[in-house]
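Have a look at the structure below before the remarks.
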Amino acid sequence: MKKVDLAAMAADELHNRQQHRCRVMVCSSTACVASGGVATRQAFEESIKAHRLEGEVQVAPSGCLGLCSLGPLAKVLEPGKPGTFYHHVHAPAAESIVAEHIVAGRPQLEHKLAADTPFFTRQRLLVLDSAGEINPERIEEYVARGGYQALSKALSEMTPEAVCQEIRNSGLRGRGGAGYPAGAKWELLRNAVGEIKYIVANGDEGDPGAYMDRTAMETDPHLLLEGMAIAGYATGARQGFIYVRAEYPLAITRLEQAIRQAKRHGLLGKSVLGSSFAFDIEIRIGAGAFVCGEETALLASIEGKRGTPRVRPPYPTERGLWGAPTMINNVETLANVPHIISKGAAWFSSVGTAGSKGTKVFALTGNLNHTGLIEVPMGITLREIIYEIGGGIPGQRAFKAVQAGGPSGGCIPAEHLDTPVDYESLQALGSMMGSGGMIVMDEASCMVDVAKFFMTFCVDESCGKCIPCRAGTAEMLALLEKICGGKASKADLELLEELCDMVKHTSLCGLGQTAPNPVISTLRYFRQEYQAHLEGYCPAGVCLPKGAEVLAR
Amino acid sequence: MAALVGRSSTHFETGSDVYFERGDMSASQPSATAPPAVDPRFDLLETTMKRLGYSKSALIEILHSAQEVFGYLPNELLTHVAKRLKLPPSQVYGVATFYHQFSFTPLGEHICTVCMGTPCYVKRAEDIINQIQATFKVAPGETSADGKLSVRAARCVGSCGLAPVVIIDSTVIGKESPEAIVGRLQTLLQTPQEVAR
């Protein structure tokens, strides 16, 4: 298959689409399906049939539309007009949208989301650009939006070195948390010695409260495949693996389907787009272990072993899967690649801050009016995300903290809400970008209890290989339980701080090294809450009675 | 370990030597495994292993498949996989117990999974677990004595916008109170009995 075929496929698809005057995209991501999205799609189909509009109106599943808390969501697309979003679209609403919007030609106001809702206008879509525009199950729709053009451009117009250079120039950094420059990593694999090299897309999104990679894989699976193929061409790898959590069955199904389609059309396989470049992708399914997000543990898991990390160096780019040089990139990192290659490094780096380029997808959750999946330009402030996109805190309650980075991250208090979101700023606050979970907590949350929650997680997920993490986290949890139970002394708190330091500096891998972060950050910003527990009360009334109640006795 | 050897109740060809000791694998429990010659489930598993070329690196995938076919992973099944892949049983057992997805006891008729990811925790998922435990006397990771209900706590099911999230028999339920969840479970557990009456 040559480049011309891509153009023909796109033209065919666009021609077919012109036969319809409108398309109804019904969100088919996990959250909307849970809210009743399957029935919504059926209701649209039946209602359209009842109005005898099958020939004019098409109903299709779409990827995540973002505003999960108002699901099921649907979007009506008409040529030449911006799409119209509808929320809470259960069956009766679907019928009424067909009757009013599609038949009578006026928006159904009761369920319409205002086009100027900050939830949408403050976002900048790149990785999730196709969400709501394409049916993720059809390669034709991806190609019609310019899909696989970047791969074609790389193969026909660029040398592998030039592709690596372009990624380096773009300033793209790893989206899995640490923020290592992607271009530098690609060059490491490119320069590694070895006939066989591998690429791994890390979709083991174990951080509780994060579902960016899941959404990226479910919404636009071909974007990831294309990014991987470009990475393969640039680095000399001929085989890629996608490591996906077993908890993500829909993502697995969609990826399997996408790989089959790409192979059928010669976009993967022995001769990619008719060139001499061969590249294949296999899926590996995880089995539930947070530590497998760590790259050396992930490699062990792909090899069918226990997911325990090992000492680096040697880094995987020197010695990875079965001893061969291997590069591990996060799913979101790879999903940025086709955009960078087609639109150029300069275009990409025009978005973001000096050190953090492009956009970042966040799972915005917790005590907020609008929760869901968002993609924002780097450099946006936490306040803008929480109060504009998220619509602020519901009820009369006050904001207390935003937790970013999951069990490796930290809680950021109100006084730092004007911090721009970039790798360095968040790290300076004792938190981290992480993979993109952002959980907002109000005054009803107890920060010591939050620290205990994350420590429980780390105790469960510690693989047990190194002692600081295995025993240290358990000791820290015991101390946190003692504090929450109101039985701790000042000496216990001092011991906890000492342990934080020890576990952080002596653990083998990232899990242990960052496990104390939730404790360190809450101690830094909410030490008075720890103090209160030592005095026998809990300011939020979660672990112990509130101060006023204690005094009343 | 010696206590368990020879106590296996199955006549499964590899079941004579029991390598593992597990407190939760009671010998009195009816085993899911039966002689391979008559149990078509072994054929299904064999097909998967064959498709994967009996590759040692496909162990996790094979364990997924085994659990899908048998419902859980009893010791005899792990030993069988070890033999077929020519791996030490210790390695198969080590891998299987390392990952949370694998279960070594049969699950109940209905499964209620409560997500305990951070957003669900912030939205008080713990109250749901406590209410379920108080009502049905089943703690997370356990199955009720009558084998009707298994309760599990999940890491994060990735539907955080709907927190707190509960999955009852693969139906995802979001934003419901502990009382509503308990009510759903009560209805679910009572329905078949009432039909029987």
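Ligands are numbered from 1 in the order shown, residues from 1 within each chain, and chains are lettered A, B, ... in the order they appear in the structure tokens.
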
Quick one: residues within 9 Å of Glu46 in chain B, only C-alpha atoms, excluding same-chain residues fewer than 5 positions away - as a short mmCIF file (atom, residue, chain, number, x, y, z; two decimals) with N, CA and C atoms, in the first residue's frame?
data_model
loop_
_atom_site.label_atom_id
_atom_site.label_comp_id
_atom_site.auth_asym_id
_atom_site.auth_seq_id
_atom_site.Cartn_x
_atom_site.Cartn_y
_atom_site.Cartn_z
N ARG B 41 -12.33 -28.19 29.65
CA ARG B 41 -11.67 -26.93 29.96
C ARG B 41 -10.15 -27.02 29.75
N ARG B 51 -1.23 -22.06 21.02
CA ARG B 51 -1.20 -20.84 20.21
C ARG B 51 -0.01 -19.96 20.60
N ARG B 84 3.45 -28.07 31.75
CA ARG B 84 3.31 -27.86 30.31
C ARG B 84 4.33 -26.85 29.77
#

- Task: Return as a ChimeraX atom specification the residues belonging to chain B that are within 8 Å of chain A, counting only C-alpha atoms.
- Result: /B:56-61,64,91,94-95,98-102,116-120,122-123,155-163,171-174

- Which neighbours of Asp501 in chain A fall inside 10 Å, counting only C-alpha atoms, when residues of the same chain fewer than 3 positions from it are skipped, and could you give them as a ChimeraX atom specification? /A:495-498,504-506,513,516-517,520

Residues of the last selection are to be written out with C-alpha atoms, as a short mmCIF file (atom, residue, chain, number, x, y, z; two decimals), in the first residue's frame.
data_model
loop_
_atom_site.label_atom_id
_atom_site.label_comp_id
_atom_site.auth_asym_id
_atom_site.auth_seq_id
_atom_site.Cartn_x
_atom_site.Cartn_y
_atom_site.Cartn_z
CA LEU A 495 10.20 9.04 63.72
CA LEU A 496 7.79 9.29 60.80
CA GLU A 497 9.79 12.15 59.34
CA GLU A 498 13.00 10.22 59.78
CA LYS A 504 13.04 8.15 49.95
CA HIS A 505 16.81 7.92 49.70
CA THR A 506 17.47 4.21 50.00
CA GLN A 513 11.68 6.54 46.42
CA PRO A 516 6.92 9.09 51.30
CA ASN A 517 5.89 12.06 49.10
CA ILE A 520 6.18 14.76 53.22
#

- Message: List as a list in words the protein and nucleic acid residues near Ile167 in chain B, meaning an atom at most 8 Å away when only C-alpha atoms are counted, but skip any in the same chain fewer than 5 places from it.
- Response: Ile111, Cys112, Thr113, Val114, Cys115, Val172 and Ile173 of chain B

Neighbours of range 133-136 of chain A within 7 Å (only C-alpha atoms; same-chain residues fewer than 3 positions away dropped), as an mmCIF file with C-alpha atoms, in the first residue's frame?
data_model
loop_
_atom_site.group_PDB
_atom_site.id
_atom_site.type_symbol
_atom_site.label_atom_id
_atom_site.label_comp_id
_atom_site.auth_asym_id
_atom_site.auth_seq_id
_atom_site.Cartn_x
_atom_site.Cartn_y
_atom_site.Cartn_z
ATOM 1 C CA ALA A 60 -21.744 6.365 15.691
ATOM 2 C CA PRO A 61 -19.898 5.581 18.901
ATOM 3 C CA SER A 62 -17.214 8.091 19.827
ATOM 4 C CA GLY A 63 -14.306 8.211 22.202
ATOM 5 C CA SER A 130 -10.230 13.308 17.548
ATOM 6 C CA GLU A 141 -12.234 7.700 9.968
ATOM 7 C CA TYR A 142 -8.752 8.077 11.426
ATOM 8 C CA THR A 219 -10.554 7.110 21.891
ATOM 9 C CA ASP A 220 -7.896 7.039 19.229
ATOM 10 C CA PRO A 221 -6.072 3.689 19.138
#

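Distances from A:Val163, A:Ala192, A:Ala114, A:Ala7 to Gly227 in chain A were compared using only C-alpha atoms, and the smallest one belongs to A:Val163.
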
Excluding Pro178 in chain B and any residue of its chain fewer than 4 positions from it, enumerate the residues within 9 Å of it, using only C-alpha atoms, and give them as a PDB file with C-alpha atoms, in the first residue's frame.
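The new file around-v6.pdb reads:
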ATOM      1  CA  ALA B 125     -16.078   4.578  49.089  1.00  0.00           C
ATOM      2  CA  ASP B 127     -18.555   3.826  53.749  1.00  0.00           C
ATOM      3  CA  ILE B 128     -19.847   1.553  50.967  1.00  0.00           C
ATOM      4  CA  ILE B 129     -17.429  -1.218  51.973  1.00  0.00           C
ATOM      5  CA  ASN B 130     -18.394  -0.821  55.638  1.00  0.00           C
ATOM      6  CA  GLN B 131     -22.131  -0.915  54.905  1.00  0.00           C
ATOM      7  CA  ILE B 132     -21.770  -4.004  52.732  1.00  0.00           C
ATOM      8  CA  VAL B 182     -26.733  -2.353  49.646  1.00  0.00           C
ATOM      9  CA  GLY B 183     -30.320  -2.177  48.361  1.00  0.00           C
TER      10      GLY B 183
END

- Item | Near-Cys411 in chain A list (7 Å; only C-alpha atoms; drop same-chain fewer than 6 positions) as a ChimeraX atom specification | /A:401-404,431,518,521-522

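CA of His222 in chain A sits 9.3 Å away from CA of Glu137 in chain A.
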
- Item | DSSP strand (DSSP E or B) residues within range 157-369 of chain A, as a ChimeraX atom specification | /A:173,181,198-203,239-244,269,279-285,326-330,352,357,359-366
